Structure formats: C-alpha cells, structure tokens
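Source file: query-v5.pdb (PDB, C-alpha atoms)
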MODEL        1
ATOM      1  CA  ASP A 252      11.684 -11.416  14.511  1.00  0.00           C
ATOM      2  CA  ALA A 253       8.375  -9.618  14.802  1.00  0.00           C
ATOM      3  CA  GLY A 254       7.616  -7.012  12.194  1.00  0.00           C
ATOM      4  CA  VAL A 255       5.799  -3.744  12.752  1.00  0.00           C
ATOM      5  CA  THR A 256       2.653  -4.425  14.737  1.00  0.00           C
ATOM      6  CA  GLN A 257      -0.402  -2.208  14.823  1.00  0.00           C
ATOM      7  CA  SER A 258      -3.511  -2.285  16.954  1.00  0.00           C
ATOM      8  CA  PRO A 259      -6.369  -2.542  16.623  1.00  0.00           C
ATOM      9  CA  THR A 260      -6.684  -4.086  13.163  1.00  0.00           C
ATOM     10  CA  HIS A 261     -10.178  -2.722  12.639  1.00  0.00           C
ATOM     11  CA  LEU A 262     -12.126   0.041  14.324  1.00  0.00           C
ATOM     12  CA  ILE A 263     -15.528   1.663  13.862  1.00  0.00           C
ATOM     13  CA  LYS A 264     -16.162   5.144  15.262  1.00  0.00           C
ATOM     14  CA  THR A 265     -18.864   7.768  15.013  1.00  0.00           C
ATOM     15  CA  ARG A 266     -18.410  11.283  13.660  1.00  0.00           C
ATOM     16  CA  GLY A 267     -17.097  13.651  16.321  1.00  0.00           C
ATOM     17  CA  GLN A 268     -15.427  10.940  18.378  1.00  0.00           C
ATOM     18  CA  HIS A 269     -11.698  10.587  18.830  1.00  0.00           C
ATOM     19  CA  VAL A 270      -9.496   7.590  18.165  1.00  0.00           C
ATOM     20  CA  THR A 271      -6.065   6.352  19.244  1.00  0.00           C
ATOM     21  CA  LEU A 272      -4.092   3.975  17.045  1.00  0.00           C
ATOM     22  CA  ARG A 273      -0.998   2.182  18.270  1.00  0.00           C
ATOM     23  CA  CYS A 274       2.187   1.000  16.632  1.00  0.00           C
ATOM     24  CA  SER A 275       5.149  -1.053  17.809  1.00  0.00           C
ATOM     25  CA  PRO A 276       8.203  -0.781  15.548  1.00  0.00           C
ATOM     26  CA  ILE A 277      10.644  -3.520  14.691  1.00  0.00           C
ATOM     27  CA  SER A 278      13.033  -4.115  17.581  1.00  0.00           C
ATOM     28  CA  GLY A 279      15.964  -1.721  17.265  1.00  0.00           C
ATOM     29  CA  HIS A 280      14.156   0.707  14.984  1.00  0.00           C
ATOM     30  CA  LYS A 281      14.019   4.205  16.436  1.00  0.00           C
ATOM     31  CA  SER A 282      11.968   6.022  13.800  1.00  0.00           C
ATOM     32  CA  VAL A 283       8.235   5.664  13.264  1.00  0.00           C
ATOM     33  CA  SER A 284       6.179   7.192  10.457  1.00  0.00           C
ATOM     34  CA  TRP A 285       2.417   7.279   9.988  1.00  0.00           C
ATOM     35  CA  TYR A 286       0.568   7.174   6.679  1.00  0.00           C
ATOM     36  CA  GLN A 287      -3.096   7.401   5.719  1.00  0.00           C
ATOM     37  CA  GLN A 288      -4.378   5.348   2.797  1.00  0.00           C
ATOM     38  CA  VAL A 289      -7.812   6.155   1.443  1.00  0.00           C
ATOM     39  CA  LEU A 290      -9.452   3.465  -0.674  1.00  0.00           C
ATOM     40  CA  GLY A 291      -8.060   3.458  -4.204  1.00  0.00           C
ATOM     41  CA  GLN A 292      -5.165   5.788  -3.419  1.00  0.00           C
ATOM     42  CA  GLY A 293      -1.571   5.336  -2.377  1.00  0.00           C
ATOM     43  CA  PRO A 294      -0.476   5.973   1.212  1.00  0.00           C
ATOM     44  CA  GLN A 295      -0.141   9.631   2.213  1.00  0.00           C
ATOM     45  CA  PHE A 296       2.445  10.790   4.766  1.00  0.00           C
ATOM     46  CA  ILE A 297       1.109  12.129   8.065  1.00  0.00           C
ATOM     47  CA  PHE A 298       3.965  12.202  10.615  1.00  0.00           C
ATOM     48  CA  GLN A 299       7.459  11.017  11.346  1.00  0.00           C
ATOM     49  CA  TYR A 300       8.846  10.655  14.864  1.00  0.00           C
ATOM     50  CA  TYR A 301      12.386   9.924  15.943  1.00  0.00           C
ATOM     51  CA  GLU A 302      13.696   9.804  19.493  1.00  0.00           C
ATOM     52  CA  LYS A 303      10.293  11.054  20.721  1.00  0.00           C
ATOM     53  CA  GLU A 304      10.465  14.200  18.606  1.00  0.00           C
ATOM     54  CA  GLU A 305       8.424  15.095  15.547  1.00  0.00           C
ATOM     55  CA  ARG A 306      10.716  15.175  12.516  1.00  0.00           C
ATOM     56  CA  GLY A 307       8.186  15.671   9.774  1.00  0.00           C
ATOM     57  CA  ARG A 308       4.532  16.435   9.208  1.00  0.00           C
ATOM     58  CA  GLY A 309       2.368  16.055   6.144  1.00  0.00           C
ATOM     59  CA  ASN A 310      -0.565  18.181   5.029  1.00  0.00           C
ATOM     60  CA  PHE A 311      -3.039  17.110   7.691  1.00  0.00           C
ATOM     61  CA  PRO A 312      -5.155  19.258  10.046  1.00  0.00           C
ATOM     62  CA  ASP A 313      -4.351  19.788  13.714  1.00  0.00           C
ATOM     63  CA  ARG A 314      -6.969  17.180  14.592  1.00  0.00           C
ATOM     64  CA  PHE A 315      -4.209  14.686  13.861  1.00  0.00           C
ATOM     65  CA  SER A 316      -1.483  14.312  16.454  1.00  0.00           C
ATOM     66  CA  ALA A 317       1.022  11.679  17.437  1.00  0.00           C
ATOM     67  CA  ARG A 318       3.657  10.871  19.962  1.00  0.00           C
ATOM     68  CA  GLN A 319       6.489   8.432  20.440  1.00  0.00           C
ATOM     69  CA  PHE A 320       7.341   6.738  23.710  1.00  0.00           C
ATOM     70  CA  PRO A 321      10.753   5.895  25.256  1.00  0.00           C
ATOM     71  CA  ASN A 322      10.432   2.325  23.958  1.00  0.00           C
ATOM     72  CA  TYR A 323       9.967   3.822  20.441  1.00  0.00           C
ATOM     73  CA  SER A 324       6.353   2.703  20.127  1.00  0.00           C
ATOM     74  CA  SER A 325       3.966   5.335  18.875  1.00  0.00           C
ATOM     75  CA  GLU A 326       0.370   6.487  19.003  1.00  0.00           C
ATOM     76  CA  LEU A 327      -1.618   8.369  16.393  1.00  0.00           C
ATOM     77  CA  ASN A 328      -4.560  10.363  17.708  1.00  0.00           C
ATOM     78  CA  VAL A 329      -7.361  11.817  15.634  1.00  0.00           C
ATOM     79  CA  ASN A 330      -9.933  14.131  17.225  1.00  0.00           C
ATOM     80  CA  ALA A 331     -13.372  15.220  16.025  1.00  0.00           C
ATOM     81  CA  LEU A 332     -13.570  12.417  13.485  1.00  0.00           C
ATOM     82  CA  LEU A 333     -15.040  13.136  10.065  1.00  0.00           C
ATOM     83  CA  LEU A 334     -16.442  10.674   7.546  1.00  0.00           C
ATOM     84  CA  GLY A 335     -13.442  11.480   5.357  1.00  0.00           C
ATOM     85  CA  ASP A 336     -11.085  10.126   8.002  1.00  0.00           C
ATOM     86  CA  SER A 337     -12.195   6.621   7.083  1.00  0.00           C
ATOM     87  CA  ALA A 338      -9.050   4.971   5.792  1.00  0.00           C
ATOM     88  CA  LEU A 339      -6.304   2.457   6.400  1.00  0.00           C
ATOM     89  CA  TYR A 340      -3.737   3.937   8.774  1.00  0.00           C
ATOM     90  CA  LEU A 341      -0.262   2.542   8.260  1.00  0.00           C
ATOM     91  CA  CYS A 342       2.714   2.692  10.559  1.00  0.00           C
ATOM     92  CA  ALA A 343       6.249   2.248   9.274  1.00  0.00           C
ATOM     93  CA  SER A 344       9.519   1.956  11.130  1.00  0.00           C
ATOM     94  CA  SER A 345      13.140   2.437  10.159  1.00  0.00           C
ATOM     95  CA  LEU A 346      16.453   2.257  11.979  1.00  0.00           C
ATOM     96  CA  GLN A 347      17.013   6.002  12.100  1.00  0.00           C
ATOM     97  CA  ALA A 348      15.281   9.211  11.077  1.00  0.00           C
ATOM     98  CA  GLY A 349      17.061   9.447   7.779  1.00  0.00           C
ATOM     99  CA  ASN A 350      17.251   5.787   6.964  1.00  0.00           C
ATOM    100  CA  SER A 351      15.401   3.727   4.431  1.00  0.00           C
ATOM    101  CA  PRO A 352      13.855   1.384   3.613  1.00  0.00           C
ATOM    102  CA  LEU A 353      10.631   1.716   5.546  1.00  0.00           C
ATOM    103  CA  HIS A 354       9.084  -1.386   7.072  1.00  0.00           C
ATOM    104  CA  PHE A 355       5.301  -1.172   7.193  1.00  0.00           C
ATOM    105  CA  GLY A 356       2.735  -2.828   9.404  1.00  0.00           C
ATOM    106  CA  ASN A 357      -0.528  -4.098   7.969  1.00  0.00           C
ATOM    107  CA  GLY A 358      -2.434  -1.098   9.237  1.00  0.00           C
ATOM    108  CA  THR A 359      -5.549  -0.234  11.177  1.00  0.00           C
ATOM    109  CA  ARG A 360      -8.745  -0.004   9.149  1.00  0.00           C
ATOM    110  CA  LEU A 361     -10.775   2.911  10.571  1.00  0.00           C
ATOM    111  CA  THR A 362     -14.392   3.357   9.566  1.00  0.00           C
ATOM    112  CA  VAL A 363     -16.189   6.531  10.622  1.00  0.00           C
ATOM    113  CA  THR A 364     -19.992   6.402  10.443  1.00  0.00           C
TER     114      THR A 364
ATOM    115  CA  ASP B  26      10.295  15.203  -4.461  1.00  0.00           C
ATOM    116  CA  ALA B  27      10.016  14.498  -8.165  1.00  0.00           C
ATOM    117  CA  LYS B  28       6.698  13.267  -9.527  1.00  0.00           C
ATOM    118  CA  THR B  29       6.594   9.792 -11.039  1.00  0.00           C
ATOM    119  CA  THR B  30       4.252   8.429 -13.697  1.00  0.00           C
ATOM    120  CA  GLN B  31       3.247   4.771 -13.932  1.00  0.00           C
ATOM    121  CA  PRO B  32       0.698   2.880 -16.024  1.00  0.00           C
ATOM    122  CA  PRO B  33      -2.394   2.148 -13.924  1.00  0.00           C
ATOM    123  CA  SER B  34      -2.421  -1.572 -14.657  1.00  0.00           C
ATOM    124  CA  MET B  35      -0.503  -4.402 -16.305  1.00  0.00           C
ATOM    125  CA  ASP B  36      -0.920  -8.139 -16.787  1.00  0.00           C
ATOM    126  CA  CYS B  37       1.834 -10.730 -16.848  1.00  0.00           C
ATOM    127  CA  ALA B  38       1.766 -14.476 -17.463  1.00  0.00           C
ATOM    128  CA  GLU B  39       2.956 -16.641 -14.611  1.00  0.00           C
ATOM    129  CA  GLY B  40       6.601 -17.636 -15.047  1.00  0.00           C
ATOM    130  CA  ARG B  41       7.360 -14.782 -17.420  1.00  0.00           C
ATOM    131  CA  ALA B  42       9.287 -11.632 -16.600  1.00  0.00           C
ATOM    132  CA  ALA B  43       7.230  -8.667 -15.441  1.00  0.00           C
ATOM    133  CA  ASN B  44       8.627  -5.323 -16.578  1.00  0.00           C
ATOM    134  CA  LEU B  45       7.087  -2.350 -14.796  1.00  0.00           C
ATOM    135  CA  PRO B  46       7.970   1.086 -16.220  1.00  0.00           C
ATOM    136  CA  CYS B  47       8.210   4.378 -14.384  1.00  0.00           C
ATOM    137  CA  ASN B  48       8.822   7.880 -15.684  1.00  0.00           C
ATOM    138  CA  HIS B  49      10.510  10.448 -13.459  1.00  0.00           C
ATOM    139  CA  SER B  50      11.650  13.126 -15.884  1.00  0.00           C
ATOM    140  CA  THR B  51      12.056  15.817 -13.195  1.00  0.00           C
ATOM    141  CA  ILE B  52      14.155  13.728 -10.826  1.00  0.00           C
ATOM    142  CA  SER B  53      16.969  15.675  -9.200  1.00  0.00           C
ATOM    143  CA  GLY B  54      20.532  14.532  -8.793  1.00  0.00           C
ATOM    144  CA  ASN B  55      20.203  13.580  -5.142  1.00  0.00           C
ATOM    145  CA  GLU B  56      16.935  11.654  -5.487  1.00  0.00           C
ATOM    146  CA  TYR B  57      16.863   7.883  -5.543  1.00  0.00           C
ATOM    147  CA  VAL B  58      14.278   5.711  -7.247  1.00  0.00           C
ATOM    148  CA  TYR B  59      12.482   3.457  -4.754  1.00  0.00           C
ATOM    149  CA  TRP B  60      10.066   0.631  -5.473  1.00  0.00           C
ATOM    150  CA  TYR B  61       7.532  -0.688  -3.005  1.00  0.00           C
ATOM    151  CA  ARG B  62       4.649  -3.050  -3.548  1.00  0.00           C
ATOM    152  CA  GLN B  63       1.398  -3.575  -1.679  1.00  0.00           C
ATOM    153  CA  ILE B  64      -0.347  -6.908  -1.714  1.00  0.00           C
ATOM    154  CA  HIS B  65      -4.062  -6.780  -0.953  1.00  0.00           C
ATOM    155  CA  SER B  66      -4.822  -6.211   2.743  1.00  0.00           C
ATOM    156  CA  GLN B  67      -1.170  -5.749   3.653  1.00  0.00           C
ATOM    157  CA  GLY B  68       1.123  -2.796   4.213  1.00  0.00           C
ATOM    158  CA  PRO B  69       3.596  -1.739   1.519  1.00  0.00           C
ATOM    159  CA  GLN B  70       6.739  -3.833   1.178  1.00  0.00           C
ATOM    160  CA  TYR B  71      10.103  -2.433   0.141  1.00  0.00           C
ATOM    161  CA  ILE B  72      11.535  -4.040  -3.003  1.00  0.00           C
ATOM    162  CA  ILE B  73      14.620  -2.189  -4.194  1.00  0.00           C
ATOM    163  CA  HIS B  74      16.122   1.253  -4.749  1.00  0.00           C
ATOM    164  CA  GLY B  75      18.889   2.844  -6.796  1.00  0.00           C
ATOM    165  CA  LEU B  76      20.491   6.129  -7.776  1.00  0.00           C
ATOM    166  CA  LYS B  77      21.931   5.670 -11.255  1.00  0.00           C
ATOM    167  CA  ASN B  78      23.426   2.212 -11.481  1.00  0.00           C
ATOM    168  CA  ASN B  79      21.350  -0.867 -12.130  1.00  0.00           C
ATOM    169  CA  GLU B  80      20.573  -2.805  -8.990  1.00  0.00           C
ATOM    170  CA  THR B  81      19.596  -6.406  -8.306  1.00  0.00           C
ATOM    171  CA  ASN B  82      18.511  -8.220  -5.180  1.00  0.00           C
ATOM    172  CA  GLU B  83      16.691 -11.443  -4.381  1.00  0.00           C
ATOM    173  CA  MET B  84      13.342  -9.930  -5.271  1.00  0.00           C
ATOM    174  CA  ALA B  85      13.917  -7.897  -8.418  1.00  0.00           C
ATOM    175  CA  SER B  86      16.170  -5.900 -10.703  1.00  0.00           C
ATOM    176  CA  LEU B  87      16.049  -2.160 -11.224  1.00  0.00           C
ATOM    177  CA  ILE B  88      17.174  -0.681 -14.517  1.00  0.00           C
ATOM    178  CA  ILE B  89      17.645   3.107 -14.570  1.00  0.00           C
ATOM    179  CA  THR B  90      18.240   4.896 -17.870  1.00  0.00           C
ATOM    180  CA  GLU B  91      21.449   6.847 -18.282  1.00  0.00           C
ATOM    181  CA  ASP B  92      19.632  10.199 -18.173  1.00  0.00           C
ATOM    182  CA  ARG B  93      17.740   8.963 -15.071  1.00  0.00           C
ATOM    183  CA  LYS B  94      14.428  10.104 -16.485  1.00  0.00           C
ATOM    184  CA  SER B  95      12.890   6.651 -16.378  1.00  0.00           C
ATOM    185  CA  SER B  96      13.373   3.228 -14.849  1.00  0.00           C
ATOM    186  CA  THR B  97      12.047  -0.312 -15.083  1.00  0.00           C
ATOM    187  CA  LEU B  98      11.442  -2.782 -12.285  1.00  0.00           C
ATOM    188  CA  ILE B  99      11.910  -6.358 -13.436  1.00  0.00           C
ATOM    189  CA  LEU B 100      10.469  -9.384 -11.672  1.00  0.00           C
ATOM    190  CA  PRO B 101      12.338 -12.154 -13.504  1.00  0.00           C
ATOM    191  CA  HIS B 102       9.864 -15.002 -13.026  1.00  0.00           C
ATOM    192  CA  ALA B 103       6.504 -13.683 -11.916  1.00  0.00           C
ATOM    193  CA  THR B 104       4.353 -15.844  -9.659  1.00  0.00           C
ATOM    194  CA  LEU B 105       0.734 -15.465  -8.596  1.00  0.00           C
ATOM    195  CA  ARG B 106       1.995 -14.078  -5.273  1.00  0.00           C
ATOM    196  CA  ASP B 107       3.504 -11.120  -7.140  1.00  0.00           C
ATOM    197  CA  THR B 108       0.010  -9.803  -7.900  1.00  0.00           C
ATOM    198  CA  ALA B 109       0.025  -6.416  -6.151  1.00  0.00           C
ATOM    199  CA  VAL B 110       0.124  -2.652  -6.606  1.00  0.00           C
ATOM    200  CA  TYR B 111       3.660  -1.508  -7.378  1.00  0.00           C
ATOM    201  CA  TYR B 112       4.735   2.002  -6.432  1.00  0.00           C
ATOM    202  CA  CYS B 113       7.664   3.878  -7.963  1.00  0.00           C
ATOM    203  CA  ILE B 114       8.885   6.746  -5.778  1.00  0.00           C
ATOM    204  CA  ALA B 115      11.570   9.367  -6.298  1.00  0.00           C
ATOM    205  CA  ALA B 116      12.958  10.614  -3.002  1.00  0.00           C
ATOM    206  CA  GLN B 117      16.123  11.735  -1.311  1.00  0.00           C
ATOM    207  CA  THR B 118      17.965   8.998   0.503  1.00  0.00           C
ATOM    208  CA  GLY B 119      16.598   8.412   3.935  1.00  0.00           C
ATOM    209  CA  ALA B 120      13.400  10.326   3.322  1.00  0.00           C
ATOM    210  CA  ASN B 121      10.502   9.056   5.383  1.00  0.00           C
ATOM    211  CA  ASN B 122       7.846  11.279   3.800  1.00  0.00           C
ATOM    212  CA  LEU B 123       7.467   9.204   0.655  1.00  0.00           C
ATOM    213  CA  PHE B 124       4.933  10.203  -2.010  1.00  0.00           C
ATOM    214  CA  PHE B 125       3.335   6.970  -3.212  1.00  0.00           C
ATOM    215  CA  GLY B 126       1.004   8.063  -5.998  1.00  0.00           C
ATOM    216  CA  THR B 127      -1.473   5.472  -7.294  1.00  0.00           C
ATOM    217  CA  GLY B 128       1.027   2.912  -8.609  1.00  0.00           C
ATOM    218  CA  THR B 129       0.652   0.095 -11.159  1.00  0.00           C
ATOM    219  CA  ARG B 130      -1.676  -2.775 -10.416  1.00  0.00           C
ATOM    220  CA  LEU B 131       0.129  -5.889 -11.654  1.00  0.00           C
ATOM    221  CA  THR B 132      -1.970  -8.991 -12.186  1.00  0.00           C
ATOM    222  CA  VAL B 133      -0.121 -12.256 -12.731  1.00  0.00           C
ATOM    223  CA  ILE B 134      -2.240 -14.618 -14.794  1.00  0.00           C
ATOM    224  CA  PRO B 135      -1.979 -18.427 -14.455  1.00  0.00           C
TER     225      PRO B 135
ENDMDL
END
Is it possible to give me this structure as structure tokens?
Amino acid sequence: DAGVTQSPTHLIKTRGQHVTLRCSPISGHKSVSWYQQVLGQGPQFIFQYYEKEERGRGNFPDRFSARQFPNYSSELNVNALLLGDSALYLCASSLQAGNSPLHFGNGTRLTVT
Amino acid sequence: DAKTTQPPSMDCAEGRAANLPCNHSTISGNEYVYWYRQIHSQGPQYIIHGLKNNETNEMASLIITEDRKSSTLILPHATLRDTAVYYCIAAQTGANNLFFGTGTRLTVIP
C-alpha cells in the first residue's frame, strides 16, 4: 500500500510569491495534518483537517491556509512568502481526527530566495 | 501538552541495546508518551506509545516509571539503520497537534 505522498519534493520560490503544496493520505485515512520543520528543529504543527473541516491550527500567520478535498487529499497554501518560510513541510495522515499514530510523508523542501 | 526533556545526542554500538531517556515531570493523567523517529531526509516514523504500563512491539520497548515522570525507549539490538533523531512526546490520545521538540540524535556506531 502506498504511504502518504507529497508533491513536489523540492521547490524554490522568490520572496512575495505564493506556493501550493499537495498531500495524498494513506487510503482510508480521513484526517490530514500539516507540519513545518525548520532546519535543526523538530516539526511544528500548522493545521489539521478532517472531513474537509479545519480541526486545529497552530501558531502560524494568516498567510498560511489549507483545505481538504472530498477524496481526503489536501493542499497547503502559503502567500507572500518570506525567507523564514524556507523549511521542510510535512503532511501526516491518520484514520480519524482523534486517532494516532500519525503517518508522515517525506515532505516538500521549500526554499525561498 | 506536557513538556519533555531529552539529551541532545547519544551513541550506541551496533548490536547493543540503545536506551533513550525522556523526562516528562509535568505529564498529566490523560497524556500518553509517544515516540517517533526521523531518519535523515525522511518524515517522522511512529515507534510506540504508552500510558502507564510498559509496552513492546516489533520495533522497540517503552518503559514508563511508576510516577510517570520519565520513560525510556529501548531498541534491543541497534543497527546502523536505527541512526536517527528520536522524539519523545507527551500528548492526549488521538492528538494530532504533536509538539516534537528537538529530540535525541542517536548515532549507531559500527
């Protein structure tokens, strides 16, 4: 069975641009969470979505948004990119909103220049 | 969620048991202890979790002290592929907003 897949694997953007990152959860998993991992730090929670609704949000500015589609895949959007947004963006899926463990993809490496 | 404290790095000889400690002195009664690991260039991987009883699965064992203020993850026979950053997390069951901290970088030495 396929695990959590994320696209693209790498991305380079310029300050002020916007970016869309995509995530496909494990088949049958209805909850998707997004994390940001800056170099040298552990992952930091951004969003959780379940059944197309936002169920949790971390301490991130409104430039960050996400959505979940009927097939449970998800997109993370970041507007007005800053240099500090350079990070590994991780998507994780789980069976339900309140269900662990989380299954992570290998992330999208975003570089903002 | 309770804060956890882990040593920043540890070494372990290949084939020996790796014992990774974690302090969580402020853990509340409904918080579990979760362990994840992250191998270089990959996403975190779930290892094991427990509430107050010791737990064992095919990957590792988790020993939680009786007062639940600390725990130890045990990899019984470490291999080079176990080299990774190991994260200890205290969270309520089913929580998706996990706080990872900076973890312990385990290096398995040939």
Who sits within 8 Å of A:Glu302, all atoms listed in the file, same chain under 6 positions skipped, as a count of residues only:
5
Considering all atoms listed in the file, return as a PDB file with C-alpha atoms, in the coordinates of the input whatever protein or nucleic-acid residues lie within 8 Å of stretch 350-362 of chain A, sequence-local ones (same chain, fewer than 2 positions apart) excluded.
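Final output, saved to part33.pdb:
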ATOM      1  CA  GLY A 254       7.616  -7.012  12.194  1.00  0.00           C
ATOM      2  CA  VAL A 255       5.799  -3.744  12.752  1.00  0.00           C
ATOM      3  CA  THR A 256       2.653  -4.425  14.737  1.00  0.00           C
ATOM      4  CA  GLN A 257      -0.402  -2.208  14.823  1.00  0.00           C
ATOM      5  CA  SER A 258      -3.511  -2.285  16.954  1.00  0.00           C
ATOM      6  CA  PRO A 259      -6.369  -2.542  16.623  1.00  0.00           C
ATOM      7  CA  THR A 260      -6.684  -4.086  13.163  1.00  0.00           C
ATOM      8  CA  HIS A 261     -10.178  -2.722  12.639  1.00  0.00           C
ATOM      9  CA  LEU A 262     -12.126   0.041  14.324  1.00  0.00           C
ATOM     10  CA  ILE A 263     -15.528   1.663  13.862  1.00  0.00           C
ATOM     11  CA  LYS A 264     -16.162   5.144  15.262  1.00  0.00           C
ATOM     12  CA  LEU A 272      -4.092   3.975  17.045  1.00  0.00           C
ATOM     13  CA  LEU A 334     -16.442  10.674   7.546  1.00  0.00           C
ATOM     14  CA  ASP A 336     -11.085  10.126   8.002  1.00  0.00           C
ATOM     15  CA  SER A 337     -12.195   6.621   7.083  1.00  0.00           C
ATOM     16  CA  ALA A 338      -9.050   4.971   5.792  1.00  0.00           C
ATOM     17  CA  LEU A 339      -6.304   2.457   6.400  1.00  0.00           C
ATOM     18  CA  TYR A 340      -3.737   3.937   8.774  1.00  0.00           C
ATOM     19  CA  LEU A 341      -0.262   2.542   8.260  1.00  0.00           C
ATOM     20  CA  CYS A 342       2.714   2.692  10.559  1.00  0.00           C
ATOM     21  CA  ALA A 343       6.249   2.248   9.274  1.00  0.00           C
ATOM     22  CA  SER A 344       9.519   1.956  11.130  1.00  0.00           C
ATOM     23  CA  SER A 345      13.140   2.437  10.159  1.00  0.00           C
ATOM     24  CA  LEU A 346      16.453   2.257  11.979  1.00  0.00           C
ATOM     25  CA  GLN A 347      17.013   6.002  12.100  1.00  0.00           C
ATOM     26  CA  ALA A 348      15.281   9.211  11.077  1.00  0.00           C
ATOM     27  CA  THR A 364     -19.992   6.402  10.443  1.00  0.00           C
TER      28      THR A 364
ATOM     29  CA  SER B  66      -4.822  -6.211   2.743  1.00  0.00           C
ATOM     30  CA  GLN B  67      -1.170  -5.749   3.653  1.00  0.00           C
ATOM     31  CA  GLY B  68       1.123  -2.796   4.213  1.00  0.00           C
ATOM     32  CA  PRO B  69       3.596  -1.739   1.519  1.00  0.00           C
ATOM     33  CA  GLN B  70       6.739  -3.833   1.178  1.00  0.00           C
ATOM     34  CA  TYR B  71      10.103  -2.433   0.141  1.00  0.00           C
ATOM     35  CA  THR B 118      17.965   8.998   0.503  1.00  0.00           C
ATOM     36  CA  GLY B 119      16.598   8.412   3.935  1.00  0.00           C
ATOM     37  CA  ALA B 120      13.400  10.326   3.322  1.00  0.00           C
ATOM     38  CA  ASN B 121      10.502   9.056   5.383  1.00  0.00           C
TER      39      ASN B 121
END
Hey, list the chain B side of the contact with chain A: 12 Å cut-off, only C-alpha atoms, answer as a ChimeraX atom specification.
/B:33,57-75,110-114,116-130
Could you tell me how far atom CA of B:Cys47 sits from atom CA of B:Thr97, in Å to one decimal place?
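According to the coordinates, atom CA of B:Thr97 and atom CA of B:Cys47 are separated by 6.1 Å.
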What does the distance between atom CA of A:Ala331 and atom CA of A:Val363 come to in Å, to one decimal place?
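It comes out at 10.6 Å.
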Within 8 Å of B:Ile52 using all atoms listed in the file, minus same-chain residues under 4 positions, as a VMD selection string
chain B and resid 26 to 28 56 93 to 94 115
Could you write out as JSON the box around stretch 84-94 of chain B (axis-aligned, all atoms listed in the file, 8 Å on each side), with centre and edge lengths in Å to one decimal?
{"center_x": 17.4, "center_y": 0.1, "center_z": -11.8, "size_x": 24.1, "size_y": 36.1, "size_z": 29.0}
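As for atom CA of A:Arg266 and atom CA of A:Arg314, they are spaced 12.9 Å apart.
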From B:Ser86, B:Asn48, B:Ser96, B:Asn79, residue lying nearest B:Thr30 [all atoms listed in the file]
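Looking only at the distances to B:Thr30, the closest residue turns out to be B:Asn48.
Comparing B:Ile89, B:Leu98, B:Ile134, B:Leu76 by their smallest distance to B:Gln31, the closest is B:Leu98 (using all atoms listed in the file).
The nearest approach to B:Pro46 among the residues B:Ser34, B:Asn82, B:Thr132, B:Thr108, with all atoms listed in the file taken into account, belongs to B:Ser34.
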Kindly indicate which residue among B:Thr51, B:Asn78, B:Asn44, B:Thr29 lies nearest to B:Thr90, using all atoms listed in the file for the distances.
B:Asn78
Find the spatial neighbours of stretch 103-106 of chain B, counting all atoms listed in the file, within a cut-off of 8 Å - ignore same-chain residues fewer than 5 positions away - and output them as an MDAnalysis selection string.
chainID B and resid 37:43 132:135
Just give me the residues with any atom within 9 Å of (-11.5, 10.8, 17.9), file coordinates, counting all atoms listed in the file, written as a PyMOL selection string.
chain A and resi 264-271+314+328-333
